[in-house]
Amino acid sequence: MKVNVGKADRSIRIILGLLLLAGGLYFEQWFWAVGIVFLVTALFRWCPMYKLFGVNTCEARTPGTAKKG
C-alpha cells in the first residue's frame, strides 16, 4: 500500500481525530467514529478517498535522495 497522506495532512488528521473522538465521547454523539477514521488514516498514512480521487499530499522526492523515516 503506497502512502498518500503527507506530514502536514497527517498532523491535521491526528488533531481533528483526537478532538472528534473526545467530543463525541463527551457529548455521547456519533462523531467519535469519524475521529477514529481520521486517526486510522493518519496512522497508516493512507486514505482510501485520496486513492479514489487520485490525490496525494506526500512531498515529492527527487531522484537520488534517500527516503526519510
# chains A, B, ... in the order shown; residues from 1 in each chain; ligands from 1

$ residues_around --residues "Gly17 of chain A" --least-positions-apart "6" --cutoff "9 Å" --atoms "only C-alpha atoms" --output "ChimeraX atom specification"
/A:32,34-40,42

$ write_last_selection --atoms "C-alpha atoms" --output "PDB file, in the first residue's frame"
ATOM      1  CA  TRP A  32     -16.444   9.855  17.680  1.00  0.00           C
ATOM      2  CA  VAL A  34     -15.284   9.995  12.360  1.00  0.00           C
ATOM      3  CA  GLY A  35     -12.435  10.744  14.771  1.00  0.00           C
ATOM      4  CA  ILE A  36     -11.424   7.083  14.648  1.00  0.00           C
ATOM      5  CA  VAL A  37     -11.339   7.213  10.833  1.00  0.00           C
ATOM      6  CA  PHE A  38      -9.094  10.297  10.917  1.00  0.00           C
ATOM      7  CA  LEU A  39      -6.732   8.625  13.400  1.00  0.00           C
ATOM      8  CA  VAL A  40      -6.532   5.361  11.450  1.00  0.00           C
ATOM      9  CA  ALA A  42      -3.113   9.198   9.905  1.00  0.00           C
TER      10      ALA A  42
END

$ closest_residue --among "A:Arg45, A:Phe53, A:Gly23, A:Ala60" --to "Val5 of chain A" --atoms "only C-alpha atoms"
A:Arg45

$ closest_residue --among "A:Ala33, A:Leu43, A:Phe27, A:Met1" --to "Ile14 of chain A" --atoms "only C-alpha atoms"
A:Leu43

$ closest_residue --among "A:Asn4, A:Cys47, A:Phe31, A:Thr41" --to "Leu19 of chain A" --atoms "only C-alpha atoms"
A:Phe31

$ closest_residue --among "A:Trp46, A:Leu25, A:Glu59, A:Leu52" --to "Lys2 of chain A" --atoms "only C-alpha atoms"
A:Trp46

$ select_by_dssp --residues "chain A" --states "helix (DSSP H, G or I)" --output "ChimeraX atom specification"
/A:7-26,32-44,48-53

$ atom_distance --atom1 "atom CA of Val55 of chain A" --atom2 "atom CA of Trp30 of chain A"
27.4 Å

$ atom_distance --atom1 "atom CA of Thr57 of chain A" --atom2 "atom CA of Leu16 of chain A"
17.0 Å

$ atom_distance --atom1 "atom CA of Tyr26 of chain A" --atom2 "atom CA of Ser11 of chain A"
22.5 Å

$ residues_around --residues "Gly6 of chain A" --least-positions-apart "3" --cutoff "6 Å" --atoms "only C-alpha atoms" --output "MDAnalysis selection string"
chainID A and resid 9:10 57:58

$ write_last_selection --atoms "C-alpha atoms" --output "PDB file, in the first residue's frame"
ATOM      1  CA  ASP A   9      -2.084  16.373   6.379  1.00  0.00           C
ATOM      2  CA  ARG A  10      -1.197  13.678   8.916  1.00  0.00           C
ATOM      3  CA  THR A  57      -0.350  15.072  -0.284  1.00  0.00           C
ATOM      4  CA  CYS A  58       3.085  13.499   0.186  1.00  0.00           C
TER       5      CYS A  58
END
